[in-house]
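Student: mmCIF, C-alpha atoms, saved as protein-v2.cif, coming up:
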data_start
#
loop_
_atom_site.label_atom_id
_atom_site.label_comp_id
_atom_site.auth_asym_id
_atom_site.auth_seq_id
_atom_site.Cartn_x
_atom_site.Cartn_y
_atom_site.Cartn_z
CA GLN A 187 -62.70 118.48 -45.52
CA ASN A 188 -59.89 121.02 -45.47
CA MET A 189 -58.39 119.42 -42.37
CA PHE A 190 -58.52 115.97 -44.00
CA LEU A 191 -56.82 117.21 -47.18
CA LEU A 192 -54.17 119.00 -45.16
CA LEU A 193 -53.38 115.87 -43.12
CA MET A 194 -53.29 113.76 -46.29
CA LEU A 195 -50.65 115.93 -47.99
CA PRO A 196 -47.61 114.12 -46.53
CA GLN A 197 -49.19 110.65 -46.76
CA PHE A 198 -47.38 109.34 -49.82
CA GLN A 199 -47.66 105.65 -48.89
CA LEU A 200 -50.54 105.04 -51.32
CA ILE A 201 -48.68 106.78 -54.15
CA HIS A 202 -45.74 104.47 -53.49
CA TYR A 203 -47.93 101.43 -54.23
CA VAL A 204 -49.74 102.84 -57.29
CA TYR A 205 -47.01 101.82 -59.73
CA GLN A 206 -46.32 98.46 -58.06
CA VAL A 207 -48.24 95.22 -58.50
CA PHE A 208 -49.74 95.34 -55.01
CA PRO A 209 -53.46 95.52 -54.13
CA GLU A 210 -53.07 98.27 -51.50
CA THR A 211 -54.39 101.10 -53.71
CA LEU A 212 -57.44 99.11 -54.88
CA MET A 213 -58.11 97.97 -51.33
CA ALA A 214 -57.98 101.57 -50.09
CA PHE A 215 -60.80 102.39 -52.52
CA LEU A 216 -62.84 99.31 -51.59
CA CYS A 217 -62.45 99.91 -47.84
CA ALA A 218 -63.57 103.54 -48.22
CA LEU A 219 -66.50 102.45 -50.40
CA LEU A 220 -67.63 99.92 -47.81
CA VAL A 221 -67.56 102.54 -45.06
CA LEU A 222 -69.58 104.91 -47.27
CA LEU A 223 -72.18 102.26 -48.13
CA PHE A 224 -72.59 101.18 -44.50
CA SER A 225 -72.98 104.81 -43.45
CA LEU A 226 -75.48 105.93 -46.12
CA GLY A 227 -79.09 106.38 -45.13
CA PHE A 228 -80.84 104.34 -47.84
CA ARG A 229 -82.41 101.06 -46.72
CA GLY A 230 -83.95 97.93 -48.17
CA PRO A 231 -82.74 94.74 -49.88
CA ALA A 232 -80.83 96.69 -52.55
CA ARG A 233 -78.46 98.15 -49.98
CA THR A 234 -77.87 94.73 -48.45
CA VAL A 235 -77.05 93.19 -51.83
CA VAL A 236 -74.77 96.06 -52.88
CA ILE A 237 -72.77 95.99 -49.63
CA GLY A 238 -72.51 92.18 -49.76
CA ASN A 239 -71.22 92.39 -53.34
CA VAL A 240 -68.60 95.03 -52.55
CA ALA A 241 -67.46 93.09 -49.48
CA ALA A 242 -67.09 89.97 -51.65
CA VAL A 243 -64.98 91.89 -54.18
CA ALA A 244 -62.77 93.13 -51.33
CA PHE A 245 -62.42 89.53 -50.15
CA TRP A 246 -61.35 88.36 -53.61
CA VAL A 247 -58.70 91.09 -53.66
CA ARG A 248 -57.57 90.47 -50.08
CA PRO A 249 -58.91 87.25 -48.49
CA ILE A 250 -57.99 88.76 -45.11
CA MET A 251 -61.38 90.55 -45.39
CA LEU A 252 -63.08 87.21 -44.68
CA LEU A 253 -64.23 88.21 -41.20
CA PHE A 254 -65.14 91.86 -41.78
CA PRO A 255 -68.92 91.37 -42.28
CA LEU A 256 -68.98 89.27 -39.11
CA PHE A 257 -66.92 91.96 -37.34
CA VAL A 258 -69.57 94.56 -38.28
CA LEU A 259 -72.40 92.28 -37.16
CA ILE A 260 -70.80 91.73 -33.75
CA GLY A 261 -69.92 95.43 -33.43
CA ASP A 262 -73.52 96.50 -34.04
CA LEU A 263 -74.82 93.76 -31.76
CA LEU A 264 -72.75 95.20 -28.92
CA LEU A 265 -73.02 98.92 -29.70
CA ALA A 266 -76.26 99.56 -31.59
CA GLN A 267 -78.98 101.47 -29.80
CA LYS A 268 -81.95 99.40 -28.67
CA GLY A 269 -84.39 101.06 -31.06
CA GLU A 270 -82.44 100.05 -34.17
CA ARG A 271 -80.58 96.93 -33.02
CA LEU A 272 -83.08 94.45 -34.46
CA ARG A 273 -83.17 96.17 -37.86
CA LEU A 274 -79.37 96.35 -38.02
CA MET A 275 -79.03 92.70 -37.07
CA GLY A 276 -81.34 91.72 -39.93
CA ARG A 277 -79.46 93.91 -42.40
CA ASN A 278 -76.02 92.75 -41.27
CA ALA A 279 -77.09 89.11 -41.36
CA GLY A 280 -78.32 89.61 -44.91
CA ILE A 281 -75.01 91.21 -45.89
CA LEU A 282 -73.18 88.27 -44.34
CA VAL A 283 -75.25 85.79 -46.38
CA VAL A 284 -74.70 87.65 -49.67
CA PHE A 285 -71.00 88.03 -48.90
CA ALA A 286 -70.60 84.35 -47.99
CA GLY A 287 -72.32 83.24 -51.18
CA LEU A 288 -70.30 85.48 -53.52
CA GLY A 289 -67.02 85.45 -51.61
CA PRO A 290 -65.83 82.42 -49.60
CA LEU A 291 -68.27 79.96 -51.19
CA MET A 292 -67.32 80.91 -54.75
CA TYR A 293 -63.65 80.91 -53.78
CA GLY A 294 -64.03 77.43 -52.33
CA LEU A 295 -65.72 76.18 -55.50
CA TRP A 296 -62.96 77.69 -57.63
CA ASN A 297 -60.35 75.97 -55.46
CA PHE A 298 -62.24 72.68 -55.83
CA ARG A 299 -62.44 73.01 -59.61
CA SER A 300 -58.84 74.16 -60.03
CA HIS A 301 -57.06 72.20 -57.29
CA GLY A 302 -59.42 69.42 -56.29
CA VAL A 303 -59.97 70.70 -52.75
CA PHE A 304 -62.81 72.83 -51.34
CA LYS A 305 -61.22 75.59 -49.30
CA PRO A 306 -62.76 79.08 -49.00
CA LEU A 307 -59.31 80.68 -48.67
CA PRO A 308 -56.02 80.53 -50.59
CA LEU A 309 -54.24 77.20 -50.23
CA SER A 310 -51.34 78.91 -48.51
CA GLY A 311 -50.25 82.26 -47.17
CA SER A 312 -51.29 82.81 -43.57
CA ALA A 313 -48.97 80.21 -42.02
CA VAL A 314 -45.84 81.35 -43.86
CA ILE A 315 -46.55 85.04 -43.15
CA THR A 316 -47.15 84.23 -39.49
CA ASN A 317 -43.93 82.20 -39.38
CA MET A 318 -41.91 85.08 -40.79
CA GLY A 319 -43.63 87.51 -38.43
CA ILE A 320 -42.69 85.42 -35.39
CA TRP A 321 -39.04 85.15 -36.47
CA GLN A 322 -38.73 88.77 -37.59
CA MET A 323 -37.41 90.21 -34.32
CA ARG A 324 -34.85 87.41 -33.91
CA LEU A 325 -33.32 87.25 -37.39
CA PRO A 326 -32.38 90.81 -38.41
CA GLY A 327 -30.42 90.84 -41.65
CA HIS A 328 -30.84 87.10 -42.25
CA GLY A 329 -32.50 85.65 -45.34
CA THR A 330 -34.38 82.54 -46.31
CA LEU A 331 -33.98 80.09 -49.18
CA HIS A 332 -37.08 78.17 -48.22
CA TYR A 333 -40.62 79.30 -49.06
CA PHE A 334 -40.01 82.82 -50.44
CA GLN A 335 -36.56 82.28 -51.88
CA TYR A 336 -34.09 85.09 -51.25
CA SER A 337 -36.51 86.98 -49.06
CA PHE A 338 -34.96 88.40 -45.89
CA PHE A 339 -35.87 89.69 -42.46
CA GLY A 340 -35.50 93.43 -42.14
CA ARG A 341 -33.40 94.99 -39.42
CA GLU A 342 -35.64 96.75 -36.95
CA PHE A 343 -34.59 100.18 -35.69
CA LEU A 344 -34.87 98.88 -32.13
CA PRO A 345 -32.47 95.92 -31.81
CA PHE A 346 -33.96 92.96 -29.97
CA VAL A 347 -31.00 90.58 -30.29
CA SER A 348 -27.23 90.75 -30.66
CA ASP A 349 -25.42 89.33 -33.71
CA GLU A 350 -24.46 86.25 -31.67
CA GLU A 351 -28.06 85.67 -30.52
CA ALA A 352 -29.34 86.17 -34.08
CA ALA A 353 -26.85 83.57 -35.37
CA ALA A 354 -28.07 81.07 -32.75
CA HIS A 355 -31.70 81.76 -33.67
CA TYR A 356 -30.82 81.32 -37.36
CA LEU A 357 -29.62 77.79 -36.63
CA ARG A 358 -32.92 77.09 -34.88
CA TYR A 359 -34.75 78.54 -37.89
CA GLN A 360 -32.90 76.17 -40.23
CA GLU A 361 -33.66 73.24 -37.93
CA GLN A 362 -37.33 74.16 -37.97
CA TRP A 363 -37.36 74.22 -41.76
CA ALA A 364 -35.62 70.85 -41.86
CA ARG A 365 -38.60 69.48 -39.89
CA ILE A 366 -41.09 71.26 -42.16
CA ASP A 367 -39.38 69.92 -45.29
CA SER A 368 -39.12 66.37 -43.96
CA VAL A 369 -42.88 66.26 -43.42
CA SER A 370 -44.09 68.21 -46.44
CA MET A 371 -41.76 66.64 -49.02
CA LEU A 372 -43.81 63.45 -48.80
CA ALA A 373 -46.55 65.34 -50.67
CA MET A 374 -44.31 66.44 -53.55
CA THR A 375 -45.55 65.37 -56.98
CA ASP A 376 -43.37 64.35 -59.94
CA GLN A 377 -43.92 67.83 -61.38
CA ASP A 378 -42.65 69.43 -58.16
CA LYS A 379 -39.52 67.30 -58.28
CA LEU A 380 -38.95 68.21 -61.92
CA TYR A 381 -39.72 71.93 -61.92
CA LEU A 382 -38.77 73.25 -58.47
CA PRO A 383 -34.99 72.84 -59.02
CA LYS A 384 -35.32 74.73 -62.30
CA MET A 385 -37.29 77.52 -60.64
CA ALA A 386 -34.62 77.79 -57.96
CA GLU A 387 -31.88 77.87 -60.61
CA TYR A 388 -33.59 80.66 -62.54
CA LYS A 389 -34.80 82.54 -59.49
CA ASN A 390 -34.81 85.93 -61.25
CA GLU A 391 -37.00 84.67 -64.08
CA PHE A 392 -39.46 82.43 -62.20
CA TYR A 393 -41.63 82.87 -59.14
CA VAL A 394 -41.59 79.55 -57.32
CA THR A 395 -44.95 77.75 -57.56
CA ARG A 396 -45.87 74.34 -56.20
CA SER A 397 -48.54 71.71 -56.72
CA PRO A 398 -51.71 72.04 -54.60
CA GLN A 399 -50.79 68.90 -52.62
CA TYR A 400 -47.31 70.15 -51.77
CA THR A 401 -48.56 73.68 -51.08
CA MET A 402 -51.12 72.48 -48.53
CA ALA A 403 -48.63 70.11 -46.92
CA LEU A 404 -46.20 73.01 -46.43
CA GLU A 405 -48.99 75.19 -45.01
CA ASP A 406 -50.04 72.50 -42.51
CA ALA A 407 -46.45 71.80 -41.42
CA MET A 408 -45.74 75.51 -40.91
CA ALA A 409 -48.97 76.02 -38.99
CA LYS A 410 -47.99 73.23 -36.57
CA GLU A 411 -44.53 74.74 -36.07
CA ASN A 412 -46.07 78.17 -35.47
CA LYS A 413 -48.40 76.76 -32.83
CA LYS A 414 -45.50 75.01 -31.15
CA MET A 415 -43.48 78.26 -30.99
CA MET A 416 -46.43 80.14 -29.49
CA LEU A 417 -46.96 77.48 -26.81
CA ASP A 418 -43.25 77.04 -26.03
CA GLU A 419 -42.56 80.78 -25.70
CA PRO A 420 -45.83 82.61 -24.99
CA GLY A 421 -44.00 85.57 -23.44
CA TYR A 422 -41.93 86.20 -26.55
CA PHE A 423 -44.94 85.72 -28.82
CA LEU A 424 -47.00 88.28 -26.88
CA LEU A 425 -44.08 90.72 -26.84
CA SER A 426 -43.61 90.36 -30.59
CA ARG A 427 -47.35 90.91 -31.17
CA ALA A 428 -47.35 94.02 -28.96
CA TYR A 429 -44.47 95.38 -31.02
CA THR A 430 -46.32 94.40 -34.21
CA ALA A 431 -49.38 96.37 -33.08
CA ILE A 432 -47.23 99.51 -33.16
CA ARG A 433 -45.17 98.67 -36.25
CA LEU A 434 -48.26 98.03 -38.34
CA TRP A 435 -48.76 101.79 -38.26
CA ILE A 436 -45.22 103.15 -38.04
CA THR A 437 -42.68 102.66 -40.83
CA ASN A 438 -39.30 101.36 -39.76
CA ILE A 439 -36.14 103.46 -40.11
CA ASN A 440 -34.67 101.38 -42.89
CA TYR A 441 -30.89 101.38 -43.10
CA PRO A 442 -29.38 99.81 -46.23
CA MET A 443 -28.10 96.27 -45.81
CA ILE A 444 -24.54 95.79 -47.09
CA LYS A 445 -24.56 92.05 -46.42
CA ILE A 446 -27.49 89.68 -45.88
CA VAL A 447 -26.81 86.19 -44.55
CA PHE A 448 -28.65 83.46 -46.48
CA LYS A 449 -26.80 80.44 -45.10
CA PRO A 450 -25.40 79.77 -41.62
CA GLU A 451 -21.62 80.22 -41.74
CA PRO A 452 -19.30 80.54 -38.72
CA GLY A 453 -18.21 84.14 -38.20
CA VAL A 454 -20.42 85.52 -40.99
CA VAL A 455 -22.89 88.15 -39.76
CA PRO A 456 -25.15 90.67 -41.48
CA ILE A 457 -23.62 94.08 -42.13
CA VAL A 458 -25.84 97.14 -41.95
CA GLY A 459 -24.84 100.37 -43.64
CA ARG A 460 -25.81 104.00 -43.15
CA PRO A 461 -27.79 106.22 -45.50
CA GLN A 462 -25.59 108.27 -47.80
CA GLY A 463 -26.07 112.01 -48.13
CA VAL A 464 -29.09 114.16 -47.42
CA LYS A 465 -31.31 112.24 -49.85
CA GLY A 466 -30.44 108.93 -48.21
CA TRP A 467 -31.15 110.18 -44.70
CA LEU A 468 -34.41 111.81 -45.78
CA GLY A 469 -35.49 108.55 -47.40
CA ALA A 470 -34.84 106.70 -44.13
CA LEU A 471 -36.20 109.23 -41.64
CA VAL A 472 -39.12 110.98 -43.36
CA PRO A 473 -41.43 107.92 -43.70
CA PHE A 474 -40.78 107.09 -40.04
CA ALA A 475 -41.45 110.67 -38.92
CA ILE A 476 -44.65 111.02 -40.95
CA THR A 477 -46.16 107.76 -39.73
CA ALA A 478 -44.98 108.22 -36.13
CA ILE A 479 -46.63 111.64 -35.92
CA SER A 480 -49.73 110.85 -37.98
CA PHE A 481 -50.56 107.45 -36.55
CA GLY A 482 -48.42 106.99 -33.45
CA ILE A 483 -49.51 110.31 -31.95
CA GLY A 484 -52.55 111.24 -34.04
CA LEU A 485 -54.43 107.97 -33.74
CA SER A 486 -53.64 107.62 -30.05
CA TRP A 487 -55.03 111.10 -29.38
CA SER A 488 -58.06 110.40 -31.57
CA ALA A 489 -58.82 107.21 -29.63
CA VAL A 490 -59.05 109.30 -26.45
CA GLN A 491 -61.45 111.71 -28.16
CA VAL A 492 -63.63 108.83 -29.32
CA LEU A 493 -63.93 107.52 -25.76
CA ARG A 494 -64.73 111.00 -24.46
CA ASN A 495 -67.42 111.64 -27.06
CA ARG A 496 -69.01 108.26 -27.69
CA ARG A 497 -72.38 109.66 -28.74
CA ARG A 498 -70.97 111.70 -31.62
CA TRP A 499 -68.78 108.82 -32.80
CA TYR A 500 -71.65 106.35 -32.70
CA GLU A 501 -72.81 107.69 -36.07
CA ARG A 502 -69.28 107.20 -37.40
CA ARG A 503 -68.79 103.72 -36.03
CA TYR A 504 -68.40 102.06 -39.45
CA LEU A 505 -65.37 104.21 -40.06
CA LEU A 506 -63.95 102.98 -36.76
CA TYR A 507 -64.90 99.36 -37.54
CA MET A 508 -62.88 99.40 -40.76
CA VAL A 509 -59.80 101.03 -39.22
CA LEU A 510 -59.88 98.65 -36.25
CA TYR A 511 -60.39 95.57 -38.41
CA GLY A 512 -57.63 96.58 -40.83
CA TRP A 513 -55.29 96.82 -37.85
CA LEU A 514 -56.34 94.01 -35.51
CA ILE A 515 -56.59 91.28 -38.14
CA TYR A 516 -52.86 91.51 -38.94
CA ILE A 517 -51.48 91.62 -35.39
CA PRO A 518 -51.21 87.80 -35.04
CA MET A 519 -49.31 87.54 -38.31
CA SER A 520 -46.85 90.04 -39.69
CA ILE A 521 -44.61 93.00 -38.85
CA GLN A 522 -45.10 95.18 -41.94
CA SER A 523 -46.60 98.66 -41.96
CA ARG A 524 -47.78 98.26 -45.56
CA TYR A 525 -50.61 95.99 -44.47
CA THR A 526 -52.49 98.92 -42.90
CA VAL A 527 -52.00 101.17 -45.95
CA PRO A 528 -55.55 100.40 -47.25
CA VAL A 529 -57.02 102.06 -44.13
CA HIS A 530 -54.52 104.94 -43.84
CA ALA A 531 -56.87 107.45 -45.47
CA LEU A 532 -59.71 106.33 -43.19
CA ALA A 533 -57.43 106.65 -40.15
CA ILE A 534 -56.54 110.19 -41.27
CA ALA A 535 -60.27 110.90 -41.60
CA CYS A 536 -60.69 109.84 -37.95
CA ILE A 537 -57.92 112.21 -36.89
CA ALA A 538 -59.38 115.09 -38.95
CA LEU A 539 -62.85 114.55 -37.47
CA ALA A 540 -61.44 114.42 -33.93
CA LEU A 541 -59.55 117.68 -34.49
CA THR A 542 -62.50 119.55 -36.03
CA ASP A 543 -64.84 118.22 -33.33
CA ARG A 544 -62.70 119.60 -30.55
CA TRP A 545 -61.52 123.04 -31.56
CA PRO A 546 -64.51 124.48 -33.44
CA LEU A 547 -66.72 123.55 -30.49
CA ALA A 548 -64.33 125.29 -28.11
CA ARG A 549 -64.27 128.46 -30.22
CA GLY A 550 -68.06 128.40 -30.49
CA ALA A 551 -68.41 128.13 -26.72
CA GLU A 552 -66.00 131.04 -26.22
CA SER A 553 -67.81 133.36 -28.67
CA GLY A 554 -71.13 132.43 -27.09
CA SER A 555 -69.94 133.41 -23.61
CA ARG A 556 -68.70 136.80 -24.89
CA GLY A 557 -72.07 137.57 -26.46
#
Now, as a test, write the supplied structure out as structure tokens.

Tutor:
Amino acid sequence: QNMFLLLMLPQFQLIHYVYQVFPETLMAFLCALLVLLFSLGFRGPARTVVIGNVAAVAFWVRPIMLLFPLFVLIGDLLLAQKGERLRLMGRNAGILVVFAGLGPLMYGLWNFRSHGVFKPLPLSGSAVITNMGIWQMRLPGHGTLHYFQYSFFGREFLPFVSDEEAAAHYLRYQEQWARIDSVSMLAMTDQDKLYLPKMAEYKNEFYVTRSPQYTMALEDAMAKENKKMMLDEPGYFLLSRAYTAIRLWITNINYPMIKIVFKPEPGVVPIVGRPQGVKGWLGALVPFAITAISFGIGLSWSAVQVLRNRRRWYERRYLLYMVLYGWLIYIPMSIQSRYTVPVHALAIACIALALTDRWPLARGAESGSRG
């Protein structure tokens, strides 16, 4: 416990999201609660129903949790000891049924009632996030006026392209969106045509929303473009996902942007600044240092300890399931370290357990040999 609290002291990422309208703090609680419920010793139908309910709530907060109950079922199928495998399969299947009934099924019914289409997930989201994640490494300092208006691609600390290459990729990005718009605009309703220009005009007052028909058409068009990029350049896609696997844990060194390019213009390039003063440099370097040490080094070392001591970690496998799921599920999509924030405390718990497993045992062995 003391080791966990000590390692949590510099982890201010959750505090950063407490005062913002983001679900990270609530999801951190729900993820920890799920691990606790899976790990508790009580049995019976009540436990199955409670876990299924909590998993459904987590899904409603973050639909990305859709596959977690299935992830647990498969994990226990592969790793559970023979004597308890059958019982665990029955329990996990029951949890999956309760979760499906209260989560995806209810979400689909709500979508059908509200939007006229049965879909157990949000009408949009994954395709646009994946699209931005694929382009991220190639468009540093460039912005978009398309789906998320006046959003921009951050400049990674490790440069992957020159300004000239980024400008060429930005033209390709605009061409891609011209194709997306030409296909999806056919689904625009009269309300879209009336309200979207107003929303764009008053961008600081309105968050752009679209009709269900137009939203789904955009999602489908983006998904097709994403698939085409993956097939046309599999090497780049795999490289970007390998980089994403690291960046999901480690915060970027964020330099201030003096100029962001929102429209292709000859000779106009993004301008990156430098942090000003001690406070500016601390703001840029400290988050990177904390996450690089805690997760880049700490989690890597902990993974080695888990492999060396599988029997001890078998009892803690639900903790590992949640941390792994919270990491792996985002790798195909986005380059943003905030997406793993809900499992940061659980990852720190893994590190604390690995540390206390190793050194107290060593000291005990030494004192025993002296006696």

Student: Under the PyMOL selection byres ((chain A and resi 477-487) around 9), which residues of this model are included? Write them out as a PyMOL selection string.

Tutor: chain A and resi 193+197+432+435-437+472-476+488-492+530+533-534+536-537+540

Student: Print the selection's residues with C-alpha atoms to a file, as a PDB file, in the frame of the given file.

Tutor:
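Result file follows (again.pdb):
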ATOM      1  CA  LEU A 193     -53.380 115.870 -43.120  1.00  0.00           C
ATOM      2  CA  GLN A 197     -49.190 110.650 -46.760  1.00  0.00           C
ATOM      3  CA  ILE A 432     -47.230  99.510 -33.160  1.00  0.00           C
ATOM      4  CA  TRP A 435     -48.760 101.790 -38.260  1.00  0.00           C
ATOM      5  CA  ILE A 436     -45.220 103.150 -38.040  1.00  0.00           C
ATOM      6  CA  THR A 437     -42.680 102.660 -40.830  1.00  0.00           C
ATOM      7  CA  VAL A 472     -39.120 110.980 -43.360  1.00  0.00           C
ATOM      8  CA  PRO A 473     -41.430 107.920 -43.700  1.00  0.00           C
ATOM      9  CA  PHE A 474     -40.780 107.090 -40.040  1.00  0.00           C
ATOM     10  CA  ALA A 475     -41.450 110.670 -38.920  1.00  0.00           C
ATOM     11  CA  ILE A 476     -44.650 111.020 -40.950  1.00  0.00           C
ATOM     12  CA  SER A 488     -58.060 110.400 -31.570  1.00  0.00           C
ATOM     13  CA  ALA A 489     -58.820 107.210 -29.630  1.00  0.00           C
ATOM     14  CA  VAL A 490     -59.050 109.300 -26.450  1.00  0.00           C
ATOM     15  CA  GLN A 491     -61.450 111.710 -28.160  1.00  0.00           C
ATOM     16  CA  VAL A 492     -63.630 108.830 -29.320  1.00  0.00           C
ATOM     17  CA  HIS A 530     -54.520 104.940 -43.840  1.00  0.00           C
ATOM     18  CA  ALA A 533     -57.430 106.650 -40.150  1.00  0.00           C
ATOM     19  CA  ILE A 534     -56.540 110.190 -41.270  1.00  0.00           C
ATOM     20  CA  CYS A 536     -60.690 109.840 -37.950  1.00  0.00           C
ATOM     21  CA  ILE A 537     -57.920 112.210 -36.890  1.00  0.00           C
ATOM     22  CA  ALA A 540     -61.440 114.420 -33.930  1.00  0.00           C
TER      23      ALA A 540
END

Student: Between A:Ala373, A:Leu434, A:Ala352, A:Met213, which is the closest to Leu200 in chain A once you count all atoms listed in the file?

Tutor: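 Using all atoms listed in the file, the shortest distance to Leu200 in chain A belongs to A:Met213.
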
Student: Using the chain letters and residue numbers of this document, give as a list of chain:residue names the residues selected by the PyMOL selection byres ((chain A and resi 237-251) around 6).

Tutor: A:Thr234, A:Val235, A:Val236, A:Leu252, A:Leu253, A:Phe254, A:Ile281, A:Val284, A:Phe285, A:Leu288, A:Gly289

Student: I'd like the interatomic distance between CA of Pro308 in chain A and CA of Gly294 in chain A, to a tenth of an Å.

Tutor: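 Distance between the two atoms: 8.8 Å.
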
Student: For the provided coordinates, the residues matched by the PyMOL selection byres ((chain A and resi 275-280) around 10) should be stated as a list in words.

Tutor: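 Written out, the selection comes to Phe224, Arg229, Gly230, Pro231, Arg233, Thr234, Val235, Ile237, Gly238, Pro255, Leu256, Phe257, Val258, Leu259, Ile260, Asp262, Leu263, Ala266, Glu270, Arg271, Leu272, Arg273, Leu274, Ile281, Leu282, Val283, Val284, Phe285 and Ala286 of chain A.
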
Student: Take the residues just selected and output them with C-alpha atoms as a PDB file, keeping the file's coordinate frame.

Tutor:
ATOM      1  CA  PHE A 224     -72.590 101.180 -44.500  1.00  0.00           C
ATOM      2  CA  ARG A 229     -82.410 101.060 -46.720  1.00  0.00           C
ATOM      3  CA  GLY A 230     -83.950  97.930 -48.170  1.00  0.00           C
ATOM      4  CA  PRO A 231     -82.740  94.740 -49.880  1.00  0.00           C
ATOM      5  CA  ARG A 233     -78.460  98.150 -49.980  1.00  0.00           C
ATOM      6  CA  THR A 234     -77.870  94.730 -48.450  1.00  0.00           C
ATOM      7  CA  VAL A 235     -77.050  93.190 -51.830  1.00  0.00           C
ATOM      8  CA  ILE A 237     -72.770  95.990 -49.630  1.00  0.00           C
ATOM      9  CA  GLY A 238     -72.510  92.180 -49.760  1.00  0.00           C
ATOM     10  CA  PRO A 255     -68.920  91.370 -42.280  1.00  0.00           C
ATOM     11  CA  LEU A 256     -68.980  89.270 -39.110  1.00  0.00           C
ATOM     12  CA  PHE A 257     -66.920  91.960 -37.340  1.00  0.00           C
ATOM     13  CA  VAL A 258     -69.570  94.560 -38.280  1.00  0.00           C
ATOM     14  CA  LEU A 259     -72.400  92.280 -37.160  1.00  0.00           C
ATOM     15  CA  ILE A 260     -70.800  91.730 -33.750  1.00  0.00           C
ATOM     16  CA  ASP A 262     -73.520  96.500 -34.040  1.00  0.00           C
ATOM     17  CA  LEU A 263     -74.820  93.760 -31.760  1.00  0.00           C
ATOM     18  CA  ALA A 266     -76.260  99.560 -31.590  1.00  0.00           C
ATOM     19  CA  GLU A 270     -82.440 100.050 -34.170  1.00  0.00           C
ATOM     20  CA  ARG A 271     -80.580  96.930 -33.020  1.00  0.00           C
ATOM     21  CA  LEU A 272     -83.080  94.450 -34.460  1.00  0.00           C
ATOM     22  CA  ARG A 273     -83.170  96.170 -37.860  1.00  0.00           C
ATOM     23  CA  LEU A 274     -79.370  96.350 -38.020  1.00  0.00           C
ATOM     24  CA  ILE A 281     -75.010  91.210 -45.890  1.00  0.00           C
ATOM     25  CA  LEU A 282     -73.180  88.270 -44.340  1.00  0.00           C
ATOM     26  CA  VAL A 283     -75.250  85.790 -46.380  1.00  0.00           C
ATOM     27  CA  VAL A 284     -74.700  87.650 -49.670  1.00  0.00           C
ATOM     28  CA  PHE A 285     -71.000  88.030 -48.900  1.00  0.00           C
ATOM     29  CA  ALA A 286     -70.600  84.350 -47.990  1.00  0.00           C
TER      30      ALA A 286
END

Student: Considering only C-alpha atoms, can you say which of A:Leu424, A:Met371, A:Val529, A:Leu212 comes closest to Gln399 in chain A?

Tutor: A:Met371

Student: Ranking A:Ile320, A:Ala531, A:Ala214, A:Met519 by minimum distance to Leu195 in chain A and counting all atoms listed in the file, which one comes first?

Tutor: A:Ala531

Student: Any idea what's packed within 12 Å of Ala431 in chain A, counting all atoms listed in the file, ignoring anything in its chain fewer than 2 positions away? Could you give it as a ChimeraX atom specification?

Tutor: /A:319,424-429,433-436,481-482,510,512-523,525-526

Student: Is it possible to get the residues within 6 Å of (-35.5, 100.5, -39.9) (coordinates as in the file, counting only C-alpha atoms) written as a list in words?

Tutor: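 Collected hits near the coordinates: Arg341, Glu342, Phe343, Asn438, Ile439, Asn440 and Tyr441 of chain A.
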
Student: Expressed in Å to a single decimal, how great is the separation between CA of Val221 in chain A and CA of Leu191 in chain A?

Tutor: 18.3 Å

Student: Have a look at CA of Ala364 in chain A and CA of Leu344 in chain A and let me know their distance in Å, one decimal.

Tutor: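 Separating CA of Ala364 in chain A from CA of Leu344 in chain A is a distance of 29.7 Å.
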
Student: Choose the residue, out of A:Gln360, A:Glu387, A:His328, A:Tyr293, that has the smallest atom-to-atom separation from Ile444 in chain A; count only C-alpha atoms.

Tutor: A:His328

Student: So that I can check the surroundings of His301 in chain A, please list as a PyMOL selection string every protein, DNA and RNA residue that reaches within 10 Å of it, counting all atoms listed in the file and ignoring chain neighbours fewer than 5 positions away.

Tutor: chain A and resi 295-296+309+397-399
